[in-house]
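**Q** What follows is entry-v1.txt, made up of compact mmCIF, C-alpha atoms and all ligand atoms:
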# COMPACT_ATOMS: atom_id res chain seq x y z
CA MET G 278 -11.35 14.01 8.18
CA ALA G 279 -10.89 16.90 5.77
CA THR G 280 -9.15 19.04 8.39
CA THR G 281 -6.20 16.64 8.78
CA GLU G 282 -2.89 17.65 7.26
CA ALA G 283 -2.18 15.93 3.93
CA ALA G 284 0.64 13.39 4.04
CA ILE G 285 0.61 12.91 0.27
CA GLU G 286 -0.72 15.28 -2.37
CA VAL G 287 -1.18 13.96 -5.87
CA ARG G 288 -1.74 16.70 -8.43
CA ASP G 289 -2.69 16.33 -12.10
CA LEU G 290 -0.89 13.01 -12.28
CA THR G 291 -0.81 11.37 -15.70
CA MET G 292 0.68 7.87 -15.84
CA ALA G 293 1.82 6.19 -19.04
CA TYR G 294 3.90 3.35 -20.41
CA GLY G 295 5.63 4.97 -23.39
CA SER G 296 2.90 6.67 -25.39
CA ARG G 297 0.17 4.53 -23.79
CA VAL G 298 -1.66 6.59 -21.18
CA ILE G 299 -3.03 4.48 -18.30
CA GLN G 300 -4.63 7.23 -16.17
CA ARG G 301 -4.72 11.00 -16.55
CA GLU G 302 -5.15 14.02 -14.30
CA LEU G 303 -5.41 12.24 -10.97
CA THR G 304 -5.75 14.75 -8.13
CA PHE G 305 -6.31 13.65 -4.54
CA ASN G 306 -4.89 13.91 -1.00
CA ILE G 307 -3.91 11.16 1.41
CA ASN G 308 -4.12 12.45 4.97
CA ARG G 309 -1.86 11.57 7.87
CA GLY G 310 -3.24 8.48 9.62
CA ASP G 311 -5.48 7.53 6.69
CA ILE G 312 -5.91 3.99 5.58
CA PHE G 313 -6.22 4.94 1.96
CA ILE G 314 -7.52 2.43 -0.58
CA ILE G 315 -6.60 2.48 -4.28
CA MET G 316 -9.44 0.68 -6.02
CA GLY G 317 -10.98 0.02 -9.40
CA GLY G 318 -11.51 -2.81 -11.88
CA SER G 319 -8.83 -5.07 -13.28
CA GLY G 320 -6.15 -3.30 -15.32
CA CYS G 321 -7.25 0.24 -14.44
CA GLY G 322 -3.80 1.16 -13.12
CA LYS G 323 -3.86 0.53 -9.36
CA SER G 324 -0.43 -1.10 -9.21
CA THR G 325 0.91 1.51 -11.59
CA LEU G 326 -0.27 4.25 -9.22
CA LEU G 327 1.40 2.46 -6.33
CA ARG G 328 4.65 2.31 -8.32
CA HIS G 329 4.48 6.08 -8.79
CA LEU G 330 3.91 6.64 -5.06
CA ILE G 331 6.81 4.44 -3.93
CA GLY G 332 9.35 5.83 -6.37
CA LEU G 333 9.52 3.05 -8.96
CA GLN G 334 7.96 4.87 -11.91
CA PRO G 335 8.06 8.61 -12.71
CA PRO G 336 4.94 10.54 -13.73
CA ALA G 337 4.38 11.37 -17.38
CA LYS G 338 2.92 14.61 -16.04
CA GLY G 339 1.94 16.11 -12.70
CA SER G 340 3.40 15.88 -9.21
CA ILE G 341 3.43 13.89 -5.99
CA HIS G 342 4.25 15.79 -2.79
CA PHE G 343 5.06 14.14 0.54
CA GLY G 344 4.47 17.02 2.93
CA GLU G 345 6.51 19.87 1.46
CA THR G 346 8.70 17.58 -0.64
CA ASP G 347 8.15 17.48 -4.40
CA PHE G 348 9.11 13.81 -4.60
CA TRP G 349 9.79 13.35 -8.31
CA ASN G 350 11.73 16.63 -8.51
CA LEU G 351 14.29 15.44 -5.95
CA PRO G 352 17.73 14.50 -7.30
CA PRO G 353 17.79 10.66 -7.65
CA ASP G 354 20.09 10.13 -4.64
CA ASP G 355 17.89 12.26 -2.39
CA ARG G 356 14.82 10.44 -3.65
CA GLN G 357 16.41 7.08 -2.83
CA ARG G 358 17.12 8.31 0.71
CA PHE G 359 13.59 9.64 1.03
CA MET G 360 12.24 6.23 0.03
CA ARG G 361 13.62 4.74 3.24
CA ARG G 362 10.67 6.35 4.98
CA PHE G 363 8.41 3.98 3.07
CA GLY G 364 7.57 0.45 4.11
CA VAL G 365 6.31 -1.68 1.26
CA LEU G 366 4.58 -5.04 1.49
CA TYR G 367 4.37 -6.71 -1.90
CA GLN G 368 1.75 -9.32 -2.82
CA SER G 369 4.00 -12.30 -2.25
CA GLY G 370 5.44 -10.98 0.99
CA ALA G 371 8.74 -11.14 -0.95
CA LEU G 372 10.77 -12.86 1.75
CA TRP G 373 14.10 -14.49 0.87
CA SER G 374 13.41 -18.22 1.09
CA SER G 375 16.99 -19.10 2.02
CA MET G 376 16.92 -16.86 5.09
CA THR G 377 15.14 -17.21 8.41
CA LEU G 378 12.49 -14.66 9.36
CA ALA G 379 15.00 -12.94 11.66
CA GLU G 380 17.58 -12.71 8.86
CA ASN G 381 14.97 -11.34 6.47
CA ILE G 382 13.95 -8.59 8.87
CA ALA G 383 17.55 -7.80 9.83
CA LEU G 384 18.48 -7.19 6.18
CA PRO G 385 17.27 -3.56 5.82
CA LEU G 386 18.66 -2.75 9.28
CA GLU G 387 22.09 -4.06 8.31
CA GLU G 388 22.00 -2.20 5.01
CA TYR G 389 20.74 1.19 6.17
CA THR G 390 21.72 1.61 9.82
CA ASP G 391 24.91 1.46 11.91
CA LEU G 392 23.27 -0.54 14.66
CA SER G 393 25.23 -3.33 16.34
CA LYS G 394 24.33 -6.99 15.85
CA ALA G 395 22.79 -7.13 19.33
CA GLU G 396 20.70 -4.00 18.72
CA ILE G 397 19.51 -5.41 15.40
CA ALA G 398 18.58 -8.72 17.06
CA ASP G 399 16.52 -6.82 19.66
CA LEU G 400 14.75 -4.79 16.99
CA VAL G 401 14.02 -7.91 14.95
CA ASP G 402 12.38 -9.53 18.00
CA LEU G 403 10.38 -6.37 18.62
CA LYS G 404 9.09 -6.25 15.03
CA LEU G 405 8.24 -9.96 15.07
CA ALA G 406 6.30 -9.46 18.32
CA LEU G 407 4.44 -6.49 16.78
CA VAL G 408 3.05 -8.73 14.04
CA GLY G 409 2.29 -11.64 16.38
CA LEU G 410 5.26 -13.80 15.37
CA ALA G 411 7.30 -13.78 18.58
CA GLY G 412 9.07 -17.13 18.79
CA PHE G 413 9.28 -17.62 15.03
CA ARG G 414 12.61 -15.86 14.46
CA ASP G 415 14.44 -19.01 13.33
CA TYR G 416 11.75 -20.33 11.00
CA TYR G 417 12.19 -20.29 7.23
CA PRO G 418 9.39 -18.82 5.05
CA SER G 419 8.57 -22.33 3.73
CA GLU G 420 7.81 -23.47 7.29
CA ILE G 421 5.02 -20.97 8.00
CA SER G 422 1.53 -20.32 6.60
CA GLY G 423 0.62 -17.75 3.94
CA GLY G 424 -0.86 -15.39 6.52
CA MET G 425 2.25 -15.65 8.67
CA LYS G 426 4.43 -14.92 5.62
CA LYS G 427 2.48 -11.73 5.01
CA ARG G 428 2.93 -10.73 8.63
CA ALA G 429 6.65 -11.47 8.44
CA GLY G 430 6.81 -9.36 5.26
CA LEU G 431 5.05 -6.63 7.19
CA ALA G 432 7.60 -6.90 10.03
CA ARG G 433 10.33 -6.42 7.45
CA ALA G 434 8.50 -3.50 5.82
CA MET G 435 8.41 -1.90 9.29
CA ALA G 436 12.06 -2.56 10.10
CA LEU G 437 13.14 1.04 9.48
CA ASP G 438 10.09 2.57 11.26
CA PRO G 439 8.44 3.95 8.12
CA ASP G 440 6.07 6.94 8.15
CA ILE G 441 4.05 5.41 5.36
CA LEU G 442 3.19 1.78 4.73
CA PHE G 443 2.20 0.61 1.26
CA PHE G 444 0.41 -2.68 0.63
CA ASP G 445 -0.12 -4.30 -2.77
CA GLU G 446 -3.14 -6.64 -2.55
CA PRO G 447 -2.40 -7.74 1.04
CA SER G 448 -5.19 -10.34 1.15
CA ALA G 449 -4.30 -12.00 -2.16
CA GLY G 450 -4.06 -15.74 -1.62
CA LEU G 451 -5.27 -15.63 1.98
CA ASP G 452 -8.32 -17.40 3.39
CA PRO G 453 -11.00 -15.08 4.84
CA ILE G 454 -9.86 -15.56 8.43
CA SER G 455 -6.17 -14.87 7.76
CA SER G 456 -7.24 -11.94 5.64
CA GLN G 457 -9.31 -10.54 8.50
CA LEU G 458 -6.43 -11.03 10.93
CA LEU G 459 -4.18 -9.07 8.60
CA ASP G 460 -6.79 -6.29 8.39
CA ASP G 461 -6.96 -6.18 12.21
CA LEU G 462 -3.18 -5.94 12.32
CA ILE G 463 -3.11 -3.09 9.77
CA LEU G 464 -5.64 -1.15 11.87
CA GLU G 465 -3.72 -1.84 15.07
CA LEU G 466 -0.42 -0.69 13.55
CA ARG G 467 -1.95 2.47 12.15
CA ASP G 468 -3.32 3.27 15.61
CA SER G 469 -0.22 2.38 17.61
CA LEU G 470 2.42 3.76 15.23
CA GLY G 471 0.42 6.65 13.81
CA ALA G 472 1.50 5.57 10.32
CA THR G 473 -0.26 6.47 7.10
CA VAL G 474 -1.30 3.39 5.16
CA VAL G 475 -1.94 3.05 1.41
CA VAL G 476 -3.50 -0.19 0.18
CA VAL G 477 -4.25 -1.56 -3.29
CA THR G 478 -7.12 -4.00 -2.92
CA HIS G 479 -10.42 -5.06 -4.36
CA GLU G 480 -11.48 -7.13 -1.36
CA LEU G 481 -14.74 -5.48 -0.33
CA ALA G 482 -14.57 -6.83 3.22
CA SER G 483 -11.14 -5.23 3.65
CA ILE G 484 -12.13 -2.00 1.98
CA PHE G 485 -14.96 -1.43 4.45
CA ALA G 486 -13.13 -2.87 7.47
CA ILE G 487 -10.05 -0.70 7.25
CA GLY G 488 -10.40 2.05 4.63
CA ASN G 489 -11.45 5.58 5.59
CA ASN G 490 -10.44 7.24 2.33
CA CYS G 491 -9.97 6.08 -1.25
CA VAL G 492 -9.56 6.83 -4.90
CA PHE G 493 -11.52 4.92 -7.55
CA LEU G 494 -9.78 4.55 -10.92
CA ASP G 495 -11.75 3.80 -14.07
CA ALA G 496 -10.13 2.00 -17.00
CA GLY G 497 -12.79 3.20 -19.46
CA THR G 498 -12.40 6.93 -18.97
CA LYS G 499 -8.75 6.53 -17.86
CA THR G 500 -9.22 8.78 -14.86
CA MET G 501 -10.50 8.78 -11.27
CA ILE G 502 -14.26 8.82 -11.03
CA ALA G 503 -14.61 9.00 -7.25
CA SER G 504 -12.71 9.58 -4.02
CA GLY G 505 -13.42 9.79 -0.29
CA ASP G 506 -14.84 7.46 2.36
CA PRO G 507 -15.64 4.08 0.71
CA LYS G 508 -18.75 3.52 2.89
CA LYS G 509 -20.10 6.91 1.88
CA LEU G 510 -19.39 6.18 -1.77
CA ARG G 511 -21.21 2.84 -1.47
CA ASP G 512 -24.27 4.52 0.02
CA GLU G 513 -24.26 7.88 -1.74
CA SER G 514 -22.22 7.85 -4.95
CA GLU G 515 -24.11 9.08 -7.97
CA ASP G 516 -21.90 7.00 -10.22
CA PRO G 517 -23.43 3.61 -11.08
CA LEU G 518 -20.00 2.06 -11.74
CA VAL G 519 -18.75 3.00 -8.29
CA ARG G 520 -21.88 1.78 -6.54
CA ARG G 521 -21.91 -1.45 -8.50
CA PHE G 522 -18.26 -2.10 -7.63
CA LEU G 523 -18.84 -1.37 -3.95
CA THR G 524 -21.97 -3.51 -3.73
CA ARG G 525 -20.53 -6.20 -6.04
CA GLY G 526 -23.50 -5.95 -8.37
CA LYS G 527 -25.99 -6.66 -5.58
CA GLU G 528 -27.60 -3.33 -6.30
CA GLU G 529 -29.34 -2.81 -9.62
CA VAL G 530 -27.69 -0.17 -11.76
CA LYS G 531 -30.30 2.47 -12.48
N1 LIG P 1 5.49 -2.62 -17.53
C1 LIG P 1 4.41 -2.36 -18.28
N2 LIG P 1 4.53 -1.99 -19.57
C2 LIG P 1 3.46 -1.70 -20.34
N3 LIG P 1 2.19 -1.75 -19.89
C3 LIG P 1 1.99 -2.11 -18.61
C4 LIG P 1 3.08 -2.43 -17.74
N4 LIG P 1 2.57 -2.75 -16.52
C5 LIG P 1 1.24 -2.65 -16.63
N5 LIG P 1 0.88 -2.26 -17.87
C6 LIG P 1 -0.48 -2.00 -18.36
O1 LIG P 1 -1.01 -0.91 -17.62
C7 LIG P 1 -2.38 -1.12 -17.31
C8 LIG P 1 -2.59 -0.99 -15.81
O2 LIG P 1 -1.91 -2.08 -15.16
P1 LIG P 1 -1.88 -2.22 -13.59
O3 LIG P 1 -1.17 -3.49 -13.28
O4 LIG P 1 -1.40 -0.97 -12.99
O5 LIG P 1 -3.45 -2.37 -13.28
P2 LIG P 1 -4.18 -2.90 -11.96
O6 LIG P 1 -5.36 -2.03 -11.78
O7 LIG P 1 -3.21 -2.99 -10.85
O8 LIG P 1 -4.63 -4.35 -12.45
P3 LIG P 1 -5.03 -5.67 -11.61
O9 LIG P 1 -6.15 -5.33 -10.71
O10 LIG P 1 -5.44 -6.60 -12.70
O11 LIG P 1 -3.78 -6.10 -10.89
C9 LIG P 1 -2.74 -2.50 -17.86
O12 LIG P 1 -3.39 -2.30 -19.10
C10 LIG P 1 -1.41 -3.17 -18.06
O13 LIG P 1 -1.47 -4.04 -19.15
Have the structure of the file written as structure tokens, please.
Ligand SMILES: Nc1ncnc2c1ncn2[C@@H]1O[C@H](COP(=O)(O)OP(=O)(O)OP(=O)(O)O)[C@@H](O)[C@H]1O

**A**
Amino acid sequence: MATTEAAIEVRDLTMAYGSRVIQRELTFNINRGDIFIIMGGSGCGKSTLLRHLIGLQPPAKGSIHFGETDFWNLPPDDRQRFMRRFGVLYQSGALWSSMTLAENIALPLEEYTDLSKAEIADLVDLKLALVGLAGFRDYYPSEISGGMKKRAGLARAMALDPDILFFDEPSAGLDPISSQLLDDLILELRDSLGATVVVVTHELASIFAIGNNCVFLDAGTKTMIASGDPKKLRDESEDPLVRRFLTRGKEEVK
């Protein structure tokens, strides 16, 4: 809860493409061990915020701290190195189709570590087992289901033992059962690895199943209009937009 140490501190963040401001003055904390949801309507800037957090787009104004580190003030090389602590799962899973699952997961280990081939093979098997894909090391992405692809992407995102896992719309394109399995896996990994998890999603079932903290971005006002525990916001938020989003219009807006 509020007493936990912040893993990420976002302060006065303004995000823009050229002169076009997308969101301004975002200020919130993501605590260690949170499953933190970035939510809001279409086009409000969720993916843009994620890009700022993972080092792909610099702030127009404001700062992002990871612990004591002022991320966007690091020299570019240091920032690149710092980014190895992040595991990112993109919407598509982003696996190389010409490589087996094992080869996909080995890739970051070959690039960023000095481990031997045998050590890498062991780690790959461990990561595949963690996501419930033991025995699938020699399969190609085209030979497995959408849910399995996401899990393989997750195994790859975890290859370098990240402190923070980022997910962009993890349930996109999944049926409800696969989506729920992925949610269960995210919870399990957070608990067993003690990772901090940041998720862009508008799947209500996921938001309530896994999220304990969130920020709600509004495209109209171009700023955050709520933050905190999504269940609490659903039940107690004074803001009709937030309540309507979190009840999917089932509740009348007063
Ligand atoms: N590379 C870009 N250049 C200029 N404008 C962009 C760029 N990427 C996104 N935008 C604009 O920024 C705004 C926010 O986009 P973003 O993709 O972050 O929203 P989102 O909340 O993730 O949307 P969705 O839920 O529809 O995926 C949109 O108006 C979009 O058109």

**Q** Quick one, how far is atom CA of Arg433 of chain G from atom CA of Met376 of chain G?

**A** 12.6 Å

**Q** Here is a test: counting only C-alpha atoms and all ligand atoms, which residue of G:Leu510, G:Val476, G:Leu466, G:Ala284 is nearest to ligand LIG 1 (chain P)?

**A** G:Val476

**Q** Skip segment 482-484 of chain G itself and residues of its chain fewer than 3 positions away, then list as an MDAnalysis selection string all residues within 7 Å of it, counting only C-alpha atoms.

**A** chainID G and resid 314 460 487:488

**Q** Output C-alpha atoms for every residue in that selection, as a short mmCIF file (atom, residue, chain, number, x, y, z; two decimals), keeping the file's coordinate frame.

**A**
data_model
loop_
_atom_site.label_atom_id
_atom_site.label_comp_id
_atom_site.auth_asym_id
_atom_site.auth_seq_id
_atom_site.Cartn_x
_atom_site.Cartn_y
_atom_site.Cartn_z
CA ILE G 314 -7.52 2.43 -0.58
CA ASP G 460 -6.79 -6.29 8.39
CA ILE G 487 -10.05 -0.70 7.25
CA GLY G 488 -10.40 2.05 4.63
#

**Q** Please, which residues have at least one atom within 9 Å of an atom of ligand LIG 1 (chain P), using all atoms listed in the file, listed as a PyMOL selection string?

**A** chain G and resi 293-295+297-300+315-328+445-446+477-479+494-496

**Q** Tell me which of G:Tyr389, G:Val475, G:Gly430, G:Arg467 sits closest to Ile285 of chain G, counting only C-alpha atoms.

**A**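 For Ile285 of chain G, the nearest of the candidates is G:Val475.
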
**Q** Just the number, please: distance in Å from atom CA of Arg288 of chain G to atom CA of Gly497 of chain G, one decimal.

**A**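 Between atom CA of Arg288 of chain G and atom CA of Gly497 of chain G the gap works out to 20.6 Å.
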
**Q** So which residues fall inside 12 Å of (15.3, -17.3, 9.5) if we count only C-alpha atoms? Mind giving them as a list in words?

**A**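 Residues found, by chain and rising number: Leu372, Trp373, Ser374, Ser375, Met376, Thr377, Leu378, Ala379, Glu380, Asn381, Ile382, Ala383, Leu384, Ala398, Val401, Asp402, Leu405, Gly412, Phe413, Arg414, Asp415, Tyr416, Tyr417, Pro418, Ser419, Glu420, Ile421, Lys426 and Ala429 of chain G.
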
**Q** Using only C-alpha atoms, please write the residues we just selected to a file, as an mmCIF file, in the frame of the given file.

**A**
data_model
loop_
_atom_site.group_PDB
_atom_site.id
_atom_site.type_symbol
_atom_site.label_atom_id
_atom_site.label_comp_id
_atom_site.auth_asym_id
_atom_site.auth_seq_id
_atom_site.Cartn_x
_atom_site.Cartn_y
_atom_site.Cartn_z
ATOM 1 C CA LEU G 372 10.770 -12.860 1.750
ATOM 2 C CA TRP G 373 14.100 -14.490 0.870
ATOM 3 C CA SER G 374 13.410 -18.220 1.090
ATOM 4 C CA SER G 375 16.990 -19.100 2.020
ATOM 5 C CA MET G 376 16.920 -16.860 5.090
ATOM 6 C CA THR G 377 15.140 -17.210 8.410
ATOM 7 C CA LEU G 378 12.490 -14.660 9.360
ATOM 8 C CA ALA G 379 15.000 -12.940 11.660
ATOM 9 C CA GLU G 380 17.580 -12.710 8.860
ATOM 10 C CA ASN G 381 14.970 -11.340 6.470
ATOM 11 C CA ILE G 382 13.950 -8.590 8.870
ATOM 12 C CA ALA G 383 17.550 -7.800 9.830
ATOM 13 C CA LEU G 384 18.480 -7.190 6.180
ATOM 14 C CA ALA G 398 18.580 -8.720 17.060
ATOM 15 C CA VAL G 401 14.020 -7.910 14.950
ATOM 16 C CA ASP G 402 12.380 -9.530 18.000
ATOM 17 C CA LEU G 405 8.240 -9.960 15.070
ATOM 18 C CA GLY G 412 9.070 -17.130 18.790
ATOM 19 C CA PHE G 413 9.280 -17.620 15.030
ATOM 20 C CA ARG G 414 12.610 -15.860 14.460
ATOM 21 C CA ASP G 415 14.440 -19.010 13.330
ATOM 22 C CA TYR G 416 11.750 -20.330 11.000
ATOM 23 C CA TYR G 417 12.190 -20.290 7.230
ATOM 24 C CA PRO G 418 9.390 -18.820 5.050
ATOM 25 C CA SER G 419 8.570 -22.330 3.730
ATOM 26 C CA GLU G 420 7.810 -23.470 7.290
ATOM 27 C CA ILE G 421 5.020 -20.970 8.000
ATOM 28 C CA LYS G 426 4.430 -14.920 5.620
ATOM 29 C CA ALA G 429 6.650 -11.470 8.440
#

**Q** Mind pulling up the distance from atom CA of Leu464 of chain G to atom CA of Gly424 of chain G?

**A**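 Between atom CA of Gly424 of chain G and atom CA of Leu464 of chain G the gap is 15.9 Å.
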
**Q** Using only C-alpha atoms, can you tell me which of G:Leu518, G:Val365, G:Ile441, G:Gly423 comes closest to Ile454 of chain G?

**A**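 Smallest distance to Ile454 of chain G is found for G:Gly423.
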